[in-house]
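> My structure file model_27.json, JSON, C-alpha atoms and all ligand atoms, is below:
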```json
[["chain", "number", "residue", "atom", "x", "y", "z"],
["V", 1, "MET", "CA", 46.86, 63.78, -260.97],
["V", 2, "HIS", "CA", 44.24, 62.16, -263.15],
["V", 3, "VAL", "CA", 43.50, 63.11, -266.76],
["V", 4, "HIS", "CA", 43.01, 61.30, -270.07],
["V", 5, "THR", "CA", 44.10, 62.25, -273.60],
["V", 6, "THR", "CA", 43.36, 60.93, -277.08],
["V", 7, "ARG", "CA", 46.78, 59.30, -277.17],
["V", 8, "GLY", "CA", 46.00, 56.54, -274.72],
["V", 9, "SER", "CA", 42.33, 56.73, -273.80],
["V", 10, "THR", "CA", 39.79, 55.92, -276.51],
["V", 11, "ASP", "CA", 37.04, 57.65, -274.51],
["V", 12, "SER", "CA", 38.90, 60.98, -274.40],
["V", 13, "GLY", "CA", 38.49, 63.90, -276.79],
["V", 14, "LEU", "CA", 41.35, 65.87, -275.27],
["V", 15, "SER", "CA", 44.50, 66.10, -277.37],
["V", 16, "PRO", "CA", 47.82, 66.11, -275.50],
["V", 17, "ALA", "CA", 48.70, 69.53, -276.96],
["V", 18, "GLU", "CA", 45.39, 71.00, -275.78],
["V", 19, "LEU", "CA", 45.94, 69.56, -272.29],
["V", 20, "VAL", "CA", 49.31, 71.29, -272.05],
["V", 21, "ALA", "CA", 47.94, 74.59, -273.37],
["V", 22, "VAL", "CA", 45.05, 74.66, -270.86],
["V", 23, "ALA", "CA", 47.25, 73.54, -267.95],
["V", 24, "VAL", "CA", 49.70, 76.35, -268.70],
["V", 25, "GLU", "CA", 46.83, 78.83, -268.95],
["V", 26, "LEU", "CA", 45.58, 77.69, -265.53],
["V", 27, "LYS", "CA", 49.12, 78.05, -264.17],
["V", 28, "LEU", "CA", 49.25, 74.47, -262.94],
["V", 29, "ASP", "CA", 52.74, 73.35, -261.89],
["V", 30, "GLY", "CA", 52.32, 69.89, -263.32],
["V", 31, "VAL", "CA", 49.97, 67.29, -264.71],
["V", 32, "CYS", "CA", 49.99, 63.53, -264.29],
["V", 33, "ILE", "CA", 48.45, 61.82, -267.33],
["V", 34, "THR", "CA", 46.71, 58.57, -266.41],
["V", 35, "GLU", "CA", 45.60, 56.89, -269.63],
["V", 36, "HIS", "CA", 43.41, 53.79, -269.69],
["V", 37, "GLY", "CA", 45.42, 52.03, -272.37],
["V", 38, "GLU", "CA", 48.92, 53.43, -272.91],
["V", 39, "ASN", "CA", 51.97, 54.59, -271.06],
["V", 40, "TRP", "CA", 53.89, 57.77, -271.73],
["V", 41, "SER", "CA", 57.65, 57.52, -271.54],
["V", 42, "GLU", "CA", 59.64, 60.25, -269.77],
["V", 43, "ALA", "CA", 61.14, 61.28, -273.14],
["V", 44, "GLU", "CA", 57.67, 61.64, -274.67],
["V", 45, "LEU", "CA", 56.51, 63.69, -271.68],
["V", 46, "ARG", "CA", 59.51, 66.01, -272.03],
["V", 47, "GLU", "CA", 58.80, 66.46, -275.71],
["V", 48, "LEU", "CA", 55.14, 67.20, -275.01],
["V", 49, "ALA", "CA", 55.98, 69.80, -272.34],
["V", 50, "GLY", "CA", 58.41, 71.48, -274.73],
["V", 51, "GLY", "CA", 59.56, 74.82, -273.35],
["V", 52, "THR", "CA", 56.42, 75.45, -271.28],
["V", 53, "GLY", "CA", 58.02, 74.61, -267.92],
["V", 54, "LEU", "CA", 55.05, 72.36, -267.11],
["V", 55, "ALA", "CA", 56.08, 69.23, -265.20],
["V", 56, "LEU", "CA", 54.49, 66.17, -266.79],
["V", 57, "PHE", "CA", 54.16, 62.75, -265.17],
["V", 58, "SER", "CA", 52.55, 59.52, -266.15],
["V", 59, "GLY", "CA", 50.60, 56.71, -264.63],
["V", 60, "ARG", "CA", 47.93, 54.36, -265.75],
["V", 61, "GLU", "CA", 44.28, 54.03, -264.68],
["V", 62, "ILE", "CA", 43.63, 50.31, -264.27],
["V", 63, "GLU", "CA", 40.18, 48.79, -263.97],
["V", 64, "THR", "CA", 40.62, 46.28, -261.14],
["V", 65, "ASP", "CA", 38.30, 44.01, -259.21],
["V", 66, "VAL", "CA", 37.86, 46.75, -256.59],
["V", 67, "GLY", "CA", 37.32, 49.60, -259.03],
["V", 68, "HIS", "CA", 39.66, 52.00, -260.77],
["V", 69, "VAL", "CA", 43.19, 52.39, -259.45],
["V", 70, "LEU", "CA", 45.77, 54.94, -260.60],
["V", 71, "ALA", "CA", 49.17, 53.27, -260.81],
["V", 72, "ILE", "CA", 51.59, 56.19, -260.78],
["V", 73, "GLY", "CA", 55.06, 55.46, -262.07],
["V", 74, "LEU", "CA", 54.01, 52.19, -263.72],
["V", 75, "LEU", "CA", 56.30, 51.79, -266.71],
["V", 76, "ARG", "CA", 54.21, 49.28, -268.63],
["V", 77, "TYR", "CA", 51.12, 47.24, -268.08],
["V", 78, "GLU", "CA", 51.70, 43.58, -267.25],
["V", 79, "ALA", "CA", 49.22, 40.73, -267.48],
["V", 80, "GLY", "CA", 47.24, 40.14, -264.31],
["V", 81, "LEU", "CA", 47.49, 43.64, -262.87],
["V", 82, "HIS", "CA", 43.71, 44.02, -263.09],
["V", 83, "ARG", "CA", 43.58, 41.91, -259.92],
["V", 84, "PHE", "CA", 44.09, 44.27, -256.98],
["V", 85, "ALA", "CA", 46.13, 41.76, -254.97],
["V", 86, "ALA", "CA", 48.56, 41.27, -257.88],
["V", 87, "LEU", "CA", 48.75, 45.02, -258.49],
["V", 88, "ALA", "CA", 49.52, 45.73, -254.83],
["V", 89, "GLU", "CA", 52.30, 43.14, -254.86],
["V", 90, "TYR", "CA", 53.73, 44.52, -258.10],
["V", 91, "ALA", "CA", 53.59, 48.10, -256.75],
["V", 92, "ALA", "CA", 55.45, 47.14, -253.58],
["V", 93, "LYS", "CA", 58.24, 45.53, -255.60],
["V", 94, "ASN", "CA", 58.55, 48.26, -258.21],
["V", 95, "GLY", "CA", 58.03, 51.52, -256.33],
["V", 96, "VAL", "CA", 54.71, 52.20, -258.02],
["V", 97, "ALA", "CA", 52.21, 54.36, -256.10],
["V", 98, "LEU", "CA", 48.59, 53.21, -256.00],
["V", 99, "VAL", "CA", 45.74, 55.68, -255.68],
["V", 100, "LEU", "CA", 42.18, 54.45, -255.37],
["V", 101, "ALA", "CA", 40.38, 56.59, -257.98],
["V", 102, "HIS", "CA", 36.89, 58.01, -257.33],
["V", 103, "PRO", "CA", 36.26, 55.13, -254.86],
["V", 104, "PHE", "CA", 32.65, 56.05, -254.11],
["V", 105, "ARG", "CA", 31.48, 57.32, -257.52],
["V", 106, "HIS", "CA", 27.76, 56.41, -257.82],
["V", 107, "HIS", "CA", 27.60, 55.26, -254.18],
["V", 108, "THR", "CA", 25.38, 58.08, -252.92],
["V", 109, "ASP", "CA", 22.32, 58.56, -255.17],
["V", 110, "PRO", "CA", 23.50, 56.42, -258.09],
["V", 111, "PRO", "CA", 22.13, 57.50, -261.48],
["V", 112, "ALA", "CA", 19.85, 54.94, -263.19],
["V", 113, "GLY", "CA", 21.74, 51.87, -264.32],
["V", 114, "GLN", "CA", 24.96, 52.83, -262.50],
["V", 115, "THR", "CA", 26.52, 51.25, -259.46],
["V", 116, "CYS", "CA", 29.56, 51.97, -257.36],
["V", 117, "LEU", "CA", 32.36, 49.60, -258.42],
["V", 118, "LEU", "CA", 33.72, 49.41, -254.89],
["V", 119, "THR", "CA", 30.59, 48.93, -252.80],
["V", 120, "ALA", "CA", 28.19, 47.23, -255.25],
["V", 121, "GLY", "CA", 29.72, 43.83, -254.48],
["V", 122, "LEU", "CA", 29.03, 44.09, -250.76],
["V", 123, "PRO", "CA", 25.91, 42.18, -249.68],
["V", 124, "GLU", "CA", 24.78, 45.21, -247.71],
["V", 125, "PRO", "CA", 27.11, 48.22, -247.82],
["V", 126, "PRO", "CA", 27.27, 49.59, -244.29],
["V", 127, "ALA", "CA", 26.53, 53.25, -243.69],
["V", 128, "GLY", "CA", 29.18, 55.59, -242.36],
["V", 129, "ALA", "CA", 32.86, 56.00, -243.10],
["V", 130, "GLU", "CA", 34.16, 53.84, -240.23],
["V", 131, "ALA", "CA", 31.99, 50.83, -241.07],
["V", 132, "LEU", "CA", 32.78, 51.11, -244.79],
["V", 133, "ALA", "CA", 36.50, 51.30, -244.07],
["V", 134, "LYS", "CA", 36.22, 48.08, -242.09],
["V", 135, "ALA", "CA", 34.21, 46.30, -244.78],
["V", 136, "ILE", "CA", 36.64, 47.21, -247.57],
["V", 137, "PRO", "CA", 40.22, 46.41, -246.49],
["V", 138, "GLU", "CA", 41.64, 47.62, -249.82],
["V", 139, "LEU", "CA", 40.94, 51.20, -248.68],
["V", 140, "ALA", "CA", 43.86, 50.87, -246.31],
["V", 141, "GLN", "CA", 46.09, 49.08, -248.83],
["V", 142, "VAL", "CA", 46.63, 51.92, -251.29],
["V", 143, "HIS", "CA", 49.10, 54.78, -250.87],
["V", 144, "ALA", "CA", 46.44, 57.45, -251.32],
["V", 145, "ILE", "CA", 42.71, 57.87, -251.84],
["V", 146, "GLU", "CA", 41.39, 60.23, -254.50],
["V", 147, "ALA", "CA", 39.15, 62.56, -252.53],
["V", 148, "ALA", "CA", 38.55, 65.29, -255.11],
["V", 149, "ASN", "CA", 37.62, 63.80, -258.48],
["V", 150, "GLY", "CA", 36.27, 66.35, -260.95],
["V", 151, "ALA", "CA", 33.86, 63.83, -262.50],
["V", 152, "THR", "CA", 32.36, 62.60, -259.22],
["V", 153, "SER", "CA", 29.58, 64.07, -257.08],
["V", 154, "GLN", "CA", 30.45, 66.17, -254.07],
["V", 155, "ALA", "CA", 28.76, 63.69, -251.72],
["V", 156, "ASP", "CA", 30.82, 60.79, -253.08],
["V", 157, "ASN", "CA", 34.04, 62.85, -252.90],
["V", 158, "GLU", "CA", 33.22, 63.86, -249.32],
["V", 159, "LEU", "CA", 32.73, 60.21, -248.37],
["V", 160, "ALA", "CA", 36.13, 59.39, -249.89],
["V", 161, "ALA", "CA", 37.71, 62.21, -247.87],
["V", 162, "ALA", "CA", 36.02, 60.97, -244.68],
["V", 163, "ILE", "CA", 37.23, 57.41, -245.31],
["V", 164, "ALA", "CA", 40.76, 58.67, -245.92],
["V", 165, "GLY", "CA", 40.56, 60.35, -242.51],
["V", 166, "VAL", "CA", 39.39, 57.11, -240.89],
["V", 167, "VAL", "CA", 42.13, 54.92, -242.37],
["V", 168, "GLY", "CA", 44.79, 57.64, -242.12],
["V", 169, "SER", "CA", 45.38, 57.72, -245.85],
["V", 170, "PRO", "CA", 46.88, 60.63, -247.76],
["V", 171, "THR", "CA", 44.59, 62.03, -250.47],
["V", 172, "THR", "CA", 44.89, 63.24, -254.04],
["V", 173, "GLY", "CA", 42.68, 65.23, -256.36],
["V", 174, "GLY", "CA", 42.32, 65.00, -260.12],
["V", 175, "SER", "CA", 39.98, 66.36, -262.74],
["V", 176, "ASP", "CA", 39.53, 63.01, -264.54],
["V", 177, "ALA", "CA", 39.01, 65.29, -267.54],
["V", 178, "HIS", "CA", 38.37, 63.70, -270.94],
["V", 179, "SER", "CA", 38.06, 67.10, -272.67],
["V", 180, "ALA", "CA", 39.44, 70.61, -272.11],
["V", 181, "HIS", "CA", 36.41, 71.32, -269.97],
["V", 182, "GLY", "CA", 37.06, 70.49, -266.35],
["V", 183, "ILE", "CA", 40.86, 70.49, -266.40],
["V", 184, "GLY", "CA", 41.92, 71.63, -262.94],
["V", 185, "SER", "CA", 38.60, 70.69, -261.31],
["V", 186, "GLY", "CA", 40.39, 68.50, -258.80],
["V", 187, "LEU", "CA", 43.98, 69.15, -257.79],
["V", 188, "THR", "CA", 46.74, 67.63, -255.74],
["V", 189, "ARG", "CA", 49.20, 69.53, -253.62],
["V", 190, "VAL", "CA", 52.57, 67.80, -253.45],
["V", 191, "ASN", "CA", 54.79, 68.84, -250.58],
["V", 192, "GLY", "CA", 57.92, 68.59, -252.67],
["V", 193, "GLU", "CA", 59.15, 69.03, -256.22],
["V", 194, "PRO", "CA", 59.13, 65.71, -258.04],
["V", 195, "ARG", "CA", 60.94, 65.80, -261.37],
["V", 196, "SER", "CA", 59.93, 62.45, -262.84],
["V", 197, "SER", "CA", 57.08, 59.96, -262.66],
["V", 198, "ALA", "CA", 59.21, 57.79, -260.36],
["V", 199, "GLU", "CA", 59.77, 60.76, -258.03],
["V", 200, "LEU", "CA", 56.05, 61.55, -258.03],
["V", 201, "ALA", "CA", 55.33, 57.92, -257.13],
["V", 202, "GLU", "CA", 57.87, 58.22, -254.32],
["V", 203, "ALA", "CA", 56.16, 61.37, -253.02],
["V", 204, "ILE", "CA", 52.75, 59.68, -253.00],
["V", 205, "ARG", "CA", 54.18, 56.62, -251.29],
["V", 206, "ALA", "CA", 55.77, 58.92, -248.70],
["V", 207, "GLY", "CA", 52.36, 60.42, -247.97],
["V", 208, "ILE", "CA", 53.18, 64.00, -248.85],
["V", 209, "THR", "CA", 50.19, 64.70, -251.10],
["V", 210, "ASN", "CA", 46.75, 66.05, -250.37],
["V", 211, "ALA", "CA", 43.63, 66.83, -252.36],
["V", 212, "VAL", "CA", 42.80, 70.45, -253.13],
["V", 213, "THR", "CA", 39.29, 71.38, -254.17],
["V", 214, "GLU", "CA", 39.46, 75.04, -254.99],
["V", 215, "ARG", "CA", 39.77, 75.93, -258.69],
["V", 216, "PRO", "CA", 43.12, 77.32, -259.82],
["V", 217, "GLY", "CA", 43.20, 81.08, -259.71],
["V", 218, "GLY", "CA", 40.01, 81.42, -257.67],
["V", 219, "SER", "CA", 37.89, 80.05, -254.89],
["V", 220, "SER", "CA", 35.63, 76.97, -254.90],
["D", 301, "ZN", "ZN", 37.94, 55.85, -263.51],
["D", 302, "ZN", "ZN", 39.86, 58.43, -265.20]]
```
For the file at hand, write its structure as structure tokens.

Amino acid sequence: MHVHTTRGSTDSGLSPAELVAVAVELKLDGVCITEHGENWSEAELRELAGGTGLALFSGREIETDVGHVLAIGLLRYEAGLHRFAALAEYAAKNGVALVLAHPFRHHTDPPAGQTCLLTAGLPEPPAGAEALAKAIPELAQVHAIEAANGATSQADNELAAAIAGVVGSPTTGGSDAHSAHGIGSGLTRVNGEPRSSAELAEAIRAGITNAVTERPGGSS
């Protein structure tokens, strides 16, 4: 549900063809590409999947004032969507699904020079999932919370999962891979069979997704 390729993310070293090859090898059913700077059209996704049978979807990872948000089913970026309030309004009107990406990355034990985009702005971030959920209303304003991000510490992922439980939010998982390494290290189960990015957005909005942490083809 969350991966970057060289086509639309300047910080990625993963070519689209390599992504498809590894995803097929891992026997994933589908992949949702969430570039920082480009959108994939449905025709381009079909062409990329070729005859592999892999279902490909697209969204966009937007850097907003409350951190990174995956906008699944967003057709094109529009000015102003970096403000969460504007993005939420746009999503409601256009059937876009919003997923709060790695909400607590760098919250627990932040590495030197790093802060958590979501909690750093709070004068004094409260401890515990319930208090945090109260202090950050946006947590309840997205359609899902990413609770298994392959590029985020286990403690920060566990906090995201706990918060999702508190606010009653569905969850997603995604590798956030920027190279072949790590693809599949965060997965989403979709209780349905979406066939397009719009249908995937609909499934997320309907709350029928959940994060899966075990690696494909094996445990943990
Ligand atoms: Zn991000
Ligand atoms: Zn990302």
> For ligand ZN 302 (chain D), return the neighbouring residues as a JSON list (two decimals) with C-alpha atoms, keeping the file's coordinate frame (distance at most 12 Å; all atoms listed in the file).

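Result file follows (out01.json):
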```
[["chain", "number", "residue", "atom", "x", "y", "z"],
["V", 1, "MET", "CA", 46.86, 63.78, -260.97],
["V", 2, "HIS", "CA", 44.24, 62.16, -263.15],
["V", 3, "VAL", "CA", 43.50, 63.11, -266.76],
["V", 4, "HIS", "CA", 43.01, 61.30, -270.07],
["V", 5, "THR", "CA", 44.10, 62.25, -273.60],
["V", 8, "GLY", "CA", 46.00, 56.54, -274.72],
["V", 9, "SER", "CA", 42.33, 56.73, -273.80],
["V", 10, "THR", "CA", 39.79, 55.92, -276.51],
["V", 11, "ASP", "CA", 37.04, 57.65, -274.51],
["V", 12, "SER", "CA", 38.90, 60.98, -274.40],
["V", 32, "CYS", "CA", 49.99, 63.53, -264.29],
["V", 33, "ILE", "CA", 48.45, 61.82, -267.33],
["V", 34, "THR", "CA", 46.71, 58.57, -266.41],
["V", 35, "GLU", "CA", 45.60, 56.89, -269.63],
["V", 36, "HIS", "CA", 43.41, 53.79, -269.69],
["V", 37, "GLY", "CA", 45.42, 52.03, -272.37],
["V", 59, "GLY", "CA", 50.60, 56.71, -264.63],
["V", 60, "ARG", "CA", 47.93, 54.36, -265.75],
["V", 61, "GLU", "CA", 44.28, 54.03, -264.68],
["V", 62, "ILE", "CA", 43.63, 50.31, -264.27],
["V", 63, "GLU", "CA", 40.18, 48.79, -263.97],
["V", 67, "GLY", "CA", 37.32, 49.60, -259.03],
["V", 68, "HIS", "CA", 39.66, 52.00, -260.77],
["V", 69, "VAL", "CA", 43.19, 52.39, -259.45],
["V", 70, "LEU", "CA", 45.77, 54.94, -260.60],
["V", 71, "ALA", "CA", 49.17, 53.27, -260.81],
["V", 99, "VAL", "CA", 45.74, 55.68, -255.68],
["V", 100, "LEU", "CA", 42.18, 54.45, -255.37],
["V", 101, "ALA", "CA", 40.38, 56.59, -257.98],
["V", 102, "HIS", "CA", 36.89, 58.01, -257.33],
["V", 103, "PRO", "CA", 36.26, 55.13, -254.86],
["V", 105, "ARG", "CA", 31.48, 57.32, -257.52],
["V", 146, "GLU", "CA", 41.39, 60.23, -254.50],
["V", 149, "ASN", "CA", 37.62, 63.80, -258.48],
["V", 150, "GLY", "CA", 36.27, 66.35, -260.95],
["V", 151, "ALA", "CA", 33.86, 63.83, -262.50],
["V", 152, "THR", "CA", 32.36, 62.60, -259.22],
["V", 173, "GLY", "CA", 42.68, 65.23, -256.36],
["V", 174, "GLY", "CA", 42.32, 65.00, -260.12],
["V", 175, "SER", "CA", 39.98, 66.36, -262.74],
["V", 176, "ASP", "CA", 39.53, 63.01, -264.54],
["V", 177, "ALA", "CA", 39.01, 65.29, -267.54],
["V", 178, "HIS", "CA", 38.37, 63.70, -270.94],
["V", 179, "SER", "CA", 38.06, 67.10, -272.67],
["V", 186, "GLY", "CA", 40.39, 68.50, -258.80]]
```
> My list of candidates is V:Ser196, V:Thr64, V:Asn210, V:Thr108. Which is closest to ligand ZN 301 (chain D) when distances are computed with all atoms listed in the file?
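Selected residue with least distance to ligand ZN 301 (chain D): V:Thr64.
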> Can you measure CA of Ala120 in chain V to CA of Arg205 in chain V for me? One decimal in Å is fine.
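According to the coordinates, CA of Ala120 in chain V and CA of Arg205 in chain V are separated by 27.9 Å.
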> Which one of V:Phe104, V:Glu47, V:Thr172, V:Trp40 sits closest to ligand ZN 301 (chain D) if you count all atoms listed in the file?
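Using all atoms listed in the file, the shortest distance to ligand ZN 301 (chain D) belongs to V:Phe104.
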> Measuring atom to atom with all atoms listed in the file, identify which of V:Ala55, V:Val96, V:Leu118, V:Val24 is nearest to ligand ZN 301 (chain D).
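Looking at the shortest contact to ligand ZN 301 (chain D), the residue is V:Leu118.
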> So which one's closest to ligand ZN 301 (chain D), V:Ala49, V:Val66, V:Ala91, V:Leu139? Using all atoms listed in the file, please.
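Checking each of V:Ala49, V:Val66, V:Ala91, V:Leu139 against ligand ZN 301 (chain D), counting all atoms listed in the file, the winner is V:Val66.
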> Please determine the residues with any atom at most 8 Å from (48.5, 48.7, -251.7) (coordinates as given in the file, with all atoms listed in the file counting) and report them as an MDAnalysis selection string.
chainID V and resid 87:89 91:92 98 138 140:143
